[in-house]
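Trainee: final-v7.txt (compact mmCIF, C-alpha atoms and all ligand atoms) pasted underneath:
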```txt
# COMPACT_ATOMS: atom_id res chain seq x y z
CA MET Y 1 -97.54 -6.95 55.02
CA GLU Y 2 -93.85 -6.50 55.39
CA MET Y 3 -93.13 -9.65 57.41
CA LEU Y 4 -94.89 -11.98 54.99
CA GLU Y 5 -92.89 -10.52 52.13
CA GLU Y 6 -89.66 -11.13 54.00
CA ILE Y 7 -90.66 -14.72 54.60
CA LEU Y 8 -91.31 -15.18 50.91
CA LYS Y 9 -87.99 -13.60 49.99
CA LEU Y 10 -86.06 -15.81 52.39
CA ARG Y 11 -87.79 -18.87 51.01
CA GLU Y 12 -86.75 -18.01 47.45
CA GLU Y 13 -83.22 -17.15 48.41
CA ALA Y 14 -82.75 -20.30 50.50
CA THR Y 15 -84.27 -22.55 47.85
CA ALA Y 16 -81.90 -21.13 45.25
CA SER Y 17 -78.84 -21.81 47.37
CA LEU Y 18 -80.06 -25.30 48.31
CA ASN Y 19 -79.76 -26.26 44.67
CA LEU Y 20 -76.14 -25.18 44.63
CA LEU Y 21 -75.01 -27.31 47.58
CA LYS Y 22 -72.28 -29.74 46.46
CA THR Y 23 -70.23 -30.77 49.47
CA GLN Y 24 -70.77 -31.52 53.14
CA GLU Y 25 -69.07 -28.24 53.84
CA ASP Y 26 -71.57 -26.31 51.66
CA ALA Y 27 -74.38 -28.05 53.52
CA GLU Y 28 -72.96 -27.08 56.89
CA ASN Y 29 -72.63 -23.43 55.82
CA PHE Y 30 -76.23 -23.47 54.64
CA ARG Y 31 -77.41 -24.89 57.92
CA LEU Y 32 -75.52 -22.24 59.88
CA GLN Y 33 -76.88 -19.44 57.74
CA TYR Y 34 -80.56 -20.45 57.69
CA LEU Y 35 -81.44 -23.20 60.11
CA SER Y 36 -79.19 -22.85 63.15
CA ARG Y 37 -80.23 -21.25 66.43
CA LYS Y 38 -78.99 -17.87 65.26
CA GLY Y 39 -79.82 -18.39 61.56
CA SER Y 40 -82.19 -16.29 59.44
CA VAL Y 41 -85.28 -18.39 60.16
CA ALA Y 42 -84.74 -18.18 63.93
CA GLN Y 43 -84.25 -14.43 63.61
CA LEU Y 44 -87.66 -14.09 61.97
CA PHE Y 45 -89.24 -16.11 64.77
CA GLU Y 46 -87.60 -13.65 67.21
CA ARG Y 47 -89.38 -10.78 65.53
CA LEU Y 48 -92.78 -12.45 65.95
CA LYS Y 49 -92.92 -10.76 69.39
CA GLU Y 50 -93.14 -7.33 67.83
CA VAL Y 51 -95.90 -8.24 65.37
CA PRO Y 52 -99.38 -6.83 66.16
CA LYS Y 53 -101.63 -9.35 67.88
CA GLU Y 54 -104.14 -9.75 65.02
CA GLU Y 55 -101.43 -10.56 62.48
CA LYS Y 56 -99.64 -13.12 64.66
CA PRO Y 57 -101.59 -16.27 63.64
CA ALA Y 58 -101.07 -15.76 59.90
CA ILE Y 59 -97.39 -14.82 60.16
CA GLY Y 60 -96.73 -17.56 62.71
CA LYS Y 61 -98.29 -20.09 60.38
CA SER Y 62 -96.22 -19.08 57.37
CA LEU Y 63 -93.03 -19.00 59.48
CA ASN Y 64 -93.70 -22.59 60.58
CA GLU Y 65 -94.31 -23.56 56.98
CA LEU Y 66 -91.03 -21.92 55.95
CA ARG Y 67 -89.10 -23.78 58.60
CA ASN Y 68 -90.64 -27.17 57.80
CA PHE Y 69 -90.14 -26.62 54.10
CA LEU Y 70 -86.46 -25.66 54.44
CA GLU Y 71 -85.72 -28.51 56.83
CA ALA Y 72 -87.23 -31.03 54.47
CA GLU Y 73 -85.40 -29.56 51.46
CA PHE Y 74 -82.16 -29.46 53.42
CA GLU Y 75 -82.44 -33.12 54.27
CA SER Y 76 -82.96 -34.17 50.67
CA ALA Y 77 -80.02 -31.97 49.61
CA GLY Y 78 -77.92 -33.89 52.16
CA GLN Y 79 -78.98 -37.19 50.59
CA ARG Y 80 -78.13 -35.87 47.16
CA ILE Y 81 -74.60 -34.93 48.30
CA ALA Y 82 -74.03 -38.35 49.90
CA ALA Y 83 -75.25 -40.12 46.75
CA ALA Y 84 -72.92 -38.07 44.55
CA LYS Y 85 -69.99 -39.12 46.72
CA THR Y 86 -70.82 -42.79 46.34
CA ALA Y 87 -71.11 -42.31 42.59
CA ASP Y 88 -67.56 -40.89 42.55
CA ILE Y 89 -66.23 -44.06 44.11
CA GLY Y 90 -67.62 -45.90 41.11
CA LYS Y 91 -65.28 -43.81 38.94
CA ILE Y 92 -62.11 -45.21 40.58
CA ASP Y 93 -60.17 -47.34 38.11
CA LEU Y 94 -59.67 -50.59 39.97
CA SER Y 95 -57.44 -51.96 37.23
CA ILE Y 96 -54.56 -49.54 37.99
CA PRO Y 97 -51.74 -51.54 39.64
CA GLY Y 98 -51.14 -50.72 43.31
CA ARG Y 99 -48.02 -49.06 44.64
CA LYS Y 100 -45.60 -51.67 45.84
CA ARG Y 101 -44.25 -51.28 49.35
CA TYR Y 102 -40.75 -52.67 49.77
CA ILE Y 103 -39.78 -54.43 52.94
CA GLY Y 104 -36.52 -53.12 54.40
CA ARG Y 105 -33.78 -55.50 55.39
CA LYS Y 106 -30.48 -55.48 57.17
CA HIS Y 107 -27.28 -54.54 55.35
CA PRO Y 108 -25.11 -57.60 54.64
CA LEU Y 109 -22.38 -56.16 56.89
CA THR Y 110 -24.87 -55.82 59.74
CA GLN Y 111 -26.04 -59.38 59.18
CA THR Y 112 -22.45 -60.61 59.21
CA ALA Y 113 -21.58 -58.64 62.37
CA GLU Y 114 -24.67 -60.01 64.09
CA GLU Y 115 -23.71 -63.56 63.17
CA ILE Y 116 -20.19 -63.05 64.55
CA LYS Y 117 -21.62 -61.60 67.77
CA ARG Y 118 -24.04 -64.50 68.05
CA ILE Y 119 -21.24 -67.05 67.82
CA PHE Y 120 -18.96 -65.38 70.37
CA THR Y 121 -21.61 -64.44 72.91
CA GLY Y 122 -22.68 -68.09 72.71
CA ILE Y 123 -19.31 -69.14 74.15
CA GLY Y 124 -19.21 -66.55 76.92
CA PHE Y 125 -17.78 -63.41 75.31
CA GLY Y 126 -19.22 -60.01 76.22
CA ILE Y 127 -19.39 -57.04 73.85
CA ALA Y 128 -17.58 -53.71 74.25
CA ASP Y 129 -16.90 -50.70 72.06
CA GLY Y 130 -14.73 -47.61 71.89
CA PRO Y 131 -14.42 -44.30 70.03
CA GLU Y 132 -13.74 -44.05 66.29
CA ILE Y 133 -11.65 -40.93 66.84
CA GLU Y 134 -8.80 -42.37 68.85
CA ASP Y 135 -5.68 -40.91 70.43
CA ASP Y 136 -2.14 -41.98 69.63
CA TYR Y 137 -1.79 -43.67 72.99
CA HIS Y 138 -4.66 -46.14 72.50
CA ASN Y 139 -4.27 -46.69 68.77
CA PHE Y 140 -0.47 -47.14 68.81
CA GLU Y 141 1.64 -46.43 71.89
CA ALA Y 142 -0.05 -48.68 74.44
CA LEU Y 143 -0.13 -51.41 71.78
CA ASN Y 144 3.66 -51.43 71.68
CA PHE Y 145 4.06 -49.66 68.31
CA PRO Y 146 7.51 -48.05 68.28
CA PRO Y 147 7.51 -44.29 67.49
CA ASP Y 148 8.87 -44.88 63.98
CA HIS Y 149 6.49 -47.70 63.02
CA PRO Y 150 5.29 -47.28 59.41
CA ALA Y 151 1.60 -47.58 60.42
CA ARG Y 152 2.01 -44.22 62.17
CA ASP Y 153 2.81 -42.65 58.83
CA MET Y 154 0.42 -40.30 57.05
CA GLN Y 155 0.39 -42.92 54.31
CA ASP Y 156 -1.76 -45.26 56.37
CA THR Y 157 -3.49 -43.16 58.98
CA PHE Y 158 -6.08 -40.38 58.70
CA PHE Y 159 -5.00 -37.84 61.29
CA VAL Y 160 -7.36 -35.25 62.71
CA LYS Y 161 -5.62 -32.19 61.31
CA SER Y 162 -5.73 -29.31 63.75
CA ASP Y 163 -4.26 -31.10 66.76
CA GLY Y 164 -0.71 -31.84 65.60
CA GLY Y 165 -1.14 -35.61 65.21
CA LYS Y 166 -2.47 -36.56 68.62
CA TYR Y 167 -5.86 -37.78 67.35
CA MET Y 168 -6.70 -39.96 64.38
CA LEU Y 169 -9.47 -42.10 62.91
CA ARG Y 170 -8.66 -45.46 64.45
CA THR Y 171 -6.81 -47.77 62.08
CA HIS Y 172 -7.95 -50.89 63.92
CA THR Y 173 -10.16 -51.90 66.83
CA SER Y 174 -7.17 -53.02 68.92
CA GLY Y 175 -7.24 -49.73 70.87
CA VAL Y 176 -10.47 -50.92 72.46
CA GLN Y 177 -8.49 -53.81 74.04
CA ILE Y 178 -6.52 -51.17 75.95
CA ARG Y 179 -9.65 -49.29 77.00
CA VAL Y 180 -11.32 -52.49 78.23
CA MET Y 181 -8.27 -53.52 80.27
CA GLU Y 182 -7.87 -50.00 81.71
CA ASN Y 183 -11.40 -50.18 83.04
CA ASN Y 184 -11.66 -53.83 84.10
CA LYS Y 185 -9.62 -56.16 86.23
CA PRO Y 186 -8.86 -59.60 84.78
CA PRO Y 187 -10.41 -61.91 83.79
CA VAL Y 188 -11.82 -60.24 80.65
CA ARG Y 189 -13.46 -61.99 77.72
CA VAL Y 190 -14.96 -59.61 75.17
CA ILE Y 191 -15.37 -58.93 71.49
CA MET Y 192 -15.27 -55.36 70.21
CA PRO Y 193 -16.89 -54.72 66.84
CA GLY Y 194 -16.51 -51.41 65.03
CA ARG Y 195 -15.59 -49.30 62.05
CA VAL Y 196 -11.97 -48.55 61.20
CA TYR Y 197 -10.26 -46.28 58.67
CA ARG Y 198 -7.16 -46.54 56.53
CA ASN Y 199 -5.63 -44.20 54.05
CA GLU Y 200 -5.31 -46.77 51.31
CA ALA Y 201 -5.74 -46.70 47.56
CA ILE Y 202 -9.37 -47.63 46.91
CA SER Y 203 -9.85 -50.77 44.86
CA ALA Y 204 -12.03 -53.87 44.64
CA ARG Y 205 -10.07 -55.32 47.55
CA SER Y 206 -9.62 -52.32 49.87
CA TYR Y 207 -11.59 -49.28 50.90
CA CYS Y 208 -10.81 -46.25 53.08
CA LEU Y 209 -13.09 -47.61 55.78
CA PHE Y 210 -14.04 -51.11 56.81
CA HIS Y 211 -15.13 -53.05 59.88
CA GLN Y 212 -13.39 -55.27 62.38
CA VAL Y 213 -14.28 -57.44 65.31
CA GLU Y 214 -11.57 -57.43 67.93
CA GLY Y 215 -11.44 -60.22 70.49
CA LEU Y 216 -9.66 -60.39 73.85
CA TYR Y 217 -9.45 -63.08 76.48
CA VAL Y 218 -7.24 -62.55 79.54
CA ASP Y 219 -7.13 -64.80 82.58
CA LYS Y 220 -4.73 -67.01 84.46
CA ASN Y 221 -3.13 -69.66 82.22
CA VAL Y 222 -4.71 -68.73 78.91
CA SER Y 223 -2.82 -70.71 76.28
CA LEU Y 224 -2.12 -70.67 72.57
CA ALA Y 225 -4.11 -73.91 72.34
CA GLU Y 226 -7.18 -72.03 73.57
CA LEU Y 227 -6.64 -69.35 70.95
CA LYS Y 228 -6.49 -72.00 68.23
CA GLY Y 229 -9.50 -73.85 69.62
CA THR Y 230 -11.60 -70.68 69.85
CA ILE Y 231 -10.74 -69.52 66.32
CA SER Y 232 -11.31 -73.00 64.84
CA TYR Y 233 -14.69 -73.19 66.55
CA PHE Y 234 -15.60 -69.77 65.16
CA VAL Y 235 -14.56 -70.57 61.58
CA LYS Y 236 -16.54 -73.82 61.55
CA GLU Y 237 -19.62 -72.12 62.99
CA PHE Y 238 -19.39 -69.16 60.63
CA PHE Y 239 -18.62 -71.01 57.39
CA ASN Y 240 -19.36 -74.68 57.85
CA ALA Y 241 -18.17 -77.70 59.74
CA ASN Y 242 -15.91 -78.75 56.86
CA ALA Y 243 -14.18 -75.37 56.48
CA LYS Y 244 -10.42 -75.77 56.56
CA LEU Y 245 -8.21 -73.22 58.25
CA ARG Y 246 -4.54 -72.68 58.94
CA PHE Y 247 -2.50 -70.54 61.29
CA ARG Y 248 0.41 -68.82 59.56
CA PRO Y 249 3.17 -67.19 61.68
CA SER Y 250 3.08 -63.40 61.44
CA PHE Y 251 3.94 -60.26 63.38
CA PHE Y 252 1.99 -57.65 65.31
CA PRO Y 253 3.62 -55.30 67.86
CA PHE Y 254 0.97 -56.14 70.48
CA THR Y 255 0.99 -59.95 70.29
CA GLU Y 256 3.77 -62.49 70.69
CA PRO Y 257 3.71 -64.98 69.11
CA SER Y 258 1.43 -63.74 66.32
CA ALA Y 259 -0.36 -65.49 63.49
CA GLU Y 260 -2.65 -64.83 60.60
CA VAL Y 261 -5.56 -67.15 59.93
CA ASP Y 262 -6.43 -68.33 56.44
CA VAL Y 263 -9.49 -70.29 55.35
CA ASN Y 264 -9.83 -72.53 52.35
CA CYS Y 265 -10.93 -70.46 49.34
CA PHE Y 266 -14.69 -70.79 48.95
CA LEU Y 267 -14.62 -70.30 45.19
CA CYS Y 268 -12.11 -72.89 44.06
CA ALA Y 269 -12.28 -75.14 47.15
CA GLY Y 270 -8.53 -74.76 47.53
CA LYS Y 271 -7.54 -75.49 43.94
CA GLY Y 272 -6.40 -71.92 43.30
CA CYS Y 273 -8.22 -69.04 41.60
CA ARG Y 274 -8.16 -65.28 41.02
CA ILE Y 275 -9.84 -64.41 44.34
CA CYS Y 276 -7.27 -66.31 46.41
CA LYS Y 277 -4.45 -65.28 44.07
CA TYR Y 278 -3.99 -68.96 43.14
CA SER Y 279 -2.92 -69.93 46.66
CA GLY Y 280 -6.13 -71.75 47.62
CA TRP Y 281 -6.22 -69.77 50.89
CA LEU Y 282 -7.82 -66.49 52.00
CA GLU Y 283 -6.68 -64.47 55.00
CA ILE Y 284 -9.45 -63.55 57.45
CA MET Y 285 -7.79 -62.33 60.63
CA GLY Y 286 -4.73 -61.56 62.72
CA CYS Y 287 -4.25 -62.98 66.19
CA GLY Y 288 -1.75 -63.89 68.86
CA MET Y 289 -0.89 -64.02 72.56
CA VAL Y 290 -1.07 -60.61 74.25
CA ASP Y 291 2.42 -59.11 74.45
CA PRO Y 292 3.68 -58.59 78.05
CA ASN Y 293 4.45 -54.95 77.15
CA VAL Y 294 0.72 -54.39 76.59
CA PHE Y 295 -0.09 -55.83 80.02
CA LYS Y 296 2.46 -53.46 81.57
CA GLN Y 297 0.71 -50.45 79.98
CA VAL Y 298 -2.66 -51.37 81.51
CA LYS Y 299 -1.11 -52.35 84.85
CA TYR Y 300 -1.94 -56.04 84.58
CA ASP Y 301 0.68 -58.31 86.17
CA GLU Y 302 2.23 -60.10 83.20
CA ASN Y 303 3.50 -62.85 85.49
CA GLU Y 304 0.00 -63.53 86.81
CA VAL Y 305 -2.11 -63.46 83.67
CA SER Y 306 -1.85 -64.33 80.00
CA GLY Y 307 -4.25 -63.83 77.14
CA PHE Y 308 -4.99 -63.97 73.47
CA ALA Y 309 -6.33 -61.36 71.05
CA PHE Y 310 -7.63 -61.47 67.53
CA GLY Y 311 -8.94 -59.03 64.97
CA MET Y 312 -11.02 -60.07 62.00
CA GLY Y 313 -12.35 -58.10 59.07
CA ILE Y 314 -16.15 -58.15 58.94
CA ASP Y 315 -16.18 -56.99 55.31
CA ARG Y 316 -13.72 -59.73 54.40
CA LEU Y 317 -15.84 -62.39 56.07
CA ALA Y 318 -18.99 -61.11 54.34
CA ILE Y 319 -17.20 -61.14 50.97
CA LEU Y 320 -16.21 -64.75 51.49
CA ARG Y 321 -19.52 -65.86 52.82
CA TYR Y 322 -21.62 -64.35 50.04
CA GLY Y 323 -19.09 -64.60 47.21
CA ILE Y 324 -18.87 -60.84 46.59
CA ASP Y 325 -16.07 -59.67 44.33
CA ASP Y 326 -15.82 -55.96 45.20
CA ILE Y 327 -15.69 -54.45 48.71
CA ARG Y 328 -16.94 -51.06 47.42
CA LEU Y 329 -20.41 -52.54 46.89
CA PHE Y 330 -20.92 -52.44 50.66
CA PHE Y 331 -20.68 -48.65 50.71
CA GLU Y 332 -22.58 -47.62 47.60
CA ASN Y 333 -26.09 -48.44 48.85
CA ASP Y 334 -27.18 -49.67 45.45
CA LEU Y 335 -30.53 -51.37 46.05
CA ARG Y 336 -29.93 -53.84 43.24
CA PHE Y 337 -27.03 -55.14 45.33
CA LEU Y 338 -28.59 -54.81 48.79
CA ASN Y 339 -31.86 -56.49 47.80
CA GLN Y 340 -30.03 -59.78 47.33
CA PHE Y 341 -29.39 -60.30 51.03
N1 LIG Y 401 -5.23 -55.09 64.73
C1 LIG Y 401 -4.73 -56.03 63.76
C2 LIG Y 401 -5.00 -55.49 62.35
O1 LIG Y 401 -5.79 -54.59 62.21
C3 LIG Y 401 -5.36 -57.38 63.91
C4 LIG Y 401 -5.03 -58.06 65.20
C5 LIG Y 401 -5.84 -57.91 66.30
C6 LIG Y 401 -3.90 -58.87 65.29
C7 LIG Y 401 -5.56 -58.55 67.48
C8 LIG Y 401 -3.59 -59.51 66.47
C9 LIG Y 401 -4.43 -59.35 67.55
O2 LIG Y 401 -4.45 -55.96 61.40
```
Could you spell out this file's structure in structure tokens?
Mentor:
Amino acid sequence: MEMLEEILKLREEATASLNLLKTQEDAENFRLQYLSRKGSVAQLFERLKEVPKEEKPAIGKSLNELRNFLEAEFESAGQRIAAAKTADIGKIDLSIPGRKRYIGRKHPLTQTAEEIKRIFTGIGFGIADGPEIEDDYHNFEALNFPPDHPARDMQDTFFVKSDGGKYMLRTHTSGVQIRVMENNKPPVRVIMPGRVYRNEAISARSYCLFHQVEGLYVDKNVSLAELKGTISYFVKEFFNANAKLRFRPSFFPFTEPSAEVDVNCFLCAGKGCRICKYSGWLEIMGCGMVDPNVFKQVKYDENEVSGFAFGMGIDRLAILRYGIDDIRLFFENDLRFLNQF
């Protein structure tokens, strides 16, 4: 009886491979091969049609037995696989320390810039920005720099090479003042934060790039007293209510009169130390009343409006605020440094 022999053979073969099942995937392959709708067992049932009538009961019976047997065995193999998996979990060493996930944080310069923005937007200043690759007109000419001014020298400015000196990496954010006034009628009251570049010898005190916040307020009757009041308010908000500051006469081509602002040295409280070069004071910004020549360039009527401008170094302010002794630390991305903020 051919058919009965085949049934026996299939039973042996399937039983042997059941014992080898290890994973869910093995089990699924087994099911497809033997127990699915097109599997070997179903194929044998198909052939029952061709079996002579008198043999049908016996063969049908043993086919049913085969199917029930394999289904039962398959189910217990499935349980065996699941149990083995659970046992593996028991092998995990729960005493191994976990992997620490570090929480990111903002760079100290970003934090400082955000604080400066917070203070100025709180008293009605908007925020504007401009390109880091600037043309001679906005970086120098419109700001009343004479053609032979030393800042225009290769010594201080990174020029974009191929264009014969027309474009440069901006040396200050003051060019954005011009762009804002070109595009807006007075009154304007904005701060303009951004990155600037200077071709300077790199040291603990200066780097080839740093950050500034430019400020500009133009309206009718803006006075020097308002400049002083605004800057004093800022310094007391940024440092503390007892911070002392002074305005020292200075010169910039685009402001007249001009001043530099010093704050009391945080380290020695004004007694004099290495950081403040024993003067007790630290310079934090330049400022002044907008020069009428600048208004002429942007077609503002210098008899109608007046204004003040200032430019402060974000890196400088961060150094003072956190007591950092080397500006290069801001650009090295050393986590031992950055994690402290
Ligand atoms: N642009 C000047 C500098 O970089 C700072 C400044 C800005 C001075 C605005 C006066 C007014 O040194």
Trainee: Report, in Å to a single decimal, how far apart CA of Asp334 (chain Y) and CA of Arg105 (chain Y) are.
Mentor: 13.3 Å
Trainee: Select from chain Y every residue with an atom at most 7 Å from any atom of ligand LIG 401 (chain Y), then for each give the shortest pair of atoms and their distance in Å to one decimal, using only C-alpha atoms and all ligand atoms, rows by chain and rising number, as a tab-separated table.
Mentor:
```
residue	atom	partner	partner_atom	distance
Y:Thr171	CA	Y:LIG401	O1	6.9
Y:His172	CA	Y:LIG401	O1	4.6
Y:Thr173	CA	Y:LIG401	N1	6.2
Y:Ser174	CA	Y:LIG401	N1	5.1
Y:Glu214	CA	Y:LIG401	C5	6.0
Y:Gly215	CA	Y:LIG401	C7	6.8
Y:Phe252	CA	Y:LIG401	C8	6.0
Y:Phe254	CA	Y:LIG401	C9	6.9
Y:Thr255	CA	Y:LIG401	C8	6.0
Y:Ser258	CA	Y:LIG401	C8	6.6
Y:Met285	CA	Y:LIG401	C3	6.4
Y:Gly286	CA	Y:LIG401	C6	3.8
Y:Cys287	CA	Y:LIG401	C8	3.5
Y:Gly288	CA	Y:LIG401	C8	5.3
Y:Ala309	CA	Y:LIG401	C9	4.5
Y:Phe310	CA	Y:LIG401	C7	3.6
Y:Gly311	CA	Y:LIG401	C5	3.6
Y:Met312	CA	Y:LIG401	C3	6.6
```
Trainee: Please determine, counting all atoms listed in the file, which residue among Y:His138, Y:Arg118, Y:Arg99, Y:Arg198 has the shortest atom-to-atom distance to Val294 (chain Y).
Mentor: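 Counting all atoms listed in the file, the residue closest to Val294 (chain Y) is Y:His138.
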Trainee: From the set Y:Pro150, Y:Gly39, Y:Gly126, Y:Pro186, which residue has the shortest atom-to-atom contact distance to Val218 (chain Y), counting all atoms listed in the file?
Mentor: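 Smallest separation from Val218 (chain Y) among the options: Y:Pro186.
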Trainee: Would you work out the distance separating CA of Leu143 (chain Y) from CA of Asp291 (chain Y), expressed in Å to one decimal?
Mentor: 8.5 Å
Trainee: Grab the CA of Phe125 (chain Y) to CA of Thr230 (chain Y) distance for me, in Å with one decimal place.
Mentor: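 Taking CA of Phe125 (chain Y) and CA of Thr230 (chain Y), their separation equals 11.0 Å.
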Trainee: Pick out the residues sitting within 8 Å of region 45-62 of chain Y, and hand them over as JSON, numbers by chain; count all atoms listed in the file, and ignore anything fewer than 5 positions along from it in its own chain.
Mentor: {"Y": [3, 4, 7]}
Trainee: Emit the selected residues as a short mmCIF file (atom, residue, chain, number, x, y, z; two decimals), keeping the file's coordinate frame, including C-alpha atoms.
Mentor:
```
data_model
loop_
_atom_site.label_atom_id
_atom_site.label_comp_id
_atom_site.auth_asym_id
_atom_site.auth_seq_id
_atom_site.Cartn_x
_atom_site.Cartn_y
_atom_site.Cartn_z
CA MET Y 3 -93.13 -9.65 57.41
CA LEU Y 4 -94.89 -11.98 54.99
CA ILE Y 7 -90.66 -14.72 54.60
#
```
Trainee: Start from the incomplete input, build N, CA, C and O atoms for region 154-171 of chain Y, and deliver everything as a short mmCIF file (atom, residue, chain, number, x, y, z; two decimals), in the coordinates of the input.
Mentor:
```cif
data_model
loop_
_atom_site.label_atom_id
_atom_site.label_comp_id
_atom_site.auth_asym_id
_atom_site.auth_seq_id
_atom_site.Cartn_x
_atom_site.Cartn_y
_atom_site.Cartn_z
N MET Y 154 1.57 -40.90 57.74
CA MET Y 154 0.42 -40.30 57.05
C MET Y 154 -0.10 -41.21 55.94
O MET Y 154 -1.25 -41.13 55.55
N GLN Y 155 0.78 -42.05 55.41
CA GLN Y 155 0.39 -42.92 54.31
C GLN Y 155 -0.76 -43.84 54.69
O GLN Y 155 -1.60 -44.18 53.88
N ASP Y 156 -0.78 -44.25 55.96
CA ASP Y 156 -1.76 -45.26 56.37
C ASP Y 156 -2.86 -44.72 57.26
O ASP Y 156 -3.92 -45.33 57.35
N THR Y 157 -2.58 -43.62 57.92
CA THR Y 157 -3.49 -43.16 58.98
C THR Y 157 -4.11 -41.81 58.61
O THR Y 157 -3.41 -40.93 58.15
N PHE Y 158 -5.41 -41.69 58.85
CA PHE Y 158 -6.08 -40.38 58.70
C PHE Y 158 -5.95 -39.65 60.03
O PHE Y 158 -6.60 -40.03 61.01
N PHE Y 159 -5.12 -38.61 60.06
CA PHE Y 159 -5.00 -37.84 61.29
C PHE Y 159 -6.05 -36.75 61.33
O PHE Y 159 -6.49 -36.25 60.30
N VAL Y 160 -6.46 -36.40 62.55
CA VAL Y 160 -7.36 -35.25 62.71
C VAL Y 160 -6.45 -34.04 62.68
O VAL Y 160 -5.56 -33.89 63.51
N LYS Y 161 -6.64 -33.19 61.68
CA LYS Y 161 -5.62 -32.19 61.31
C LYS Y 161 -5.17 -31.25 62.41
O LYS Y 161 -4.01 -31.22 62.77
N SER Y 162 -6.10 -30.49 62.97
CA SER Y 162 -5.73 -29.31 63.75
C SER Y 162 -4.97 -29.60 65.04
O SER Y 162 -4.51 -28.69 65.70
N ASP Y 163 -4.80 -30.86 65.42
CA ASP Y 163 -4.26 -31.10 66.76
C ASP Y 163 -2.82 -31.60 66.75
O ASP Y 163 -2.34 -32.12 67.75
N GLY Y 164 -2.12 -31.46 65.63
CA GLY Y 164 -0.71 -31.84 65.60
C GLY Y 164 -0.46 -33.32 65.71
O GLY Y 164 0.59 -33.75 66.19
N GLY Y 165 -1.41 -34.17 65.30
CA GLY Y 165 -1.14 -35.61 65.21
C GLY Y 165 -1.49 -36.41 66.45
O GLY Y 165 -1.18 -37.60 66.53
N LYS Y 166 -2.14 -35.81 67.41
CA LYS Y 166 -2.47 -36.56 68.62
C LYS Y 166 -3.68 -37.47 68.39
O LYS Y 166 -3.74 -38.57 68.90
N TYR Y 167 -4.65 -36.99 67.60
CA TYR Y 167 -5.86 -37.78 67.35
C TYR Y 167 -5.93 -38.25 65.91
O TYR Y 167 -5.43 -37.59 65.00
N MET Y 168 -6.59 -39.38 65.72
CA MET Y 168 -6.70 -39.96 64.38
C MET Y 168 -7.98 -40.78 64.29
O MET Y 168 -8.60 -41.09 65.32
N LEU Y 169 -8.41 -41.10 63.06
CA LEU Y 169 -9.47 -42.10 62.91
C LEU Y 169 -8.80 -43.44 63.16
O LEU Y 169 -7.76 -43.74 62.58
N ARG Y 170 -9.36 -44.24 64.06
CA ARG Y 170 -8.66 -45.46 64.45
C ARG Y 170 -8.39 -46.36 63.24
O ARG Y 170 -9.24 -46.48 62.36
N THR Y 171 -7.20 -46.92 63.22
CA THR Y 171 -6.81 -47.77 62.08
C THR Y 171 -7.15 -49.23 62.33
O THR Y 171 -7.05 -50.06 61.44
#
```
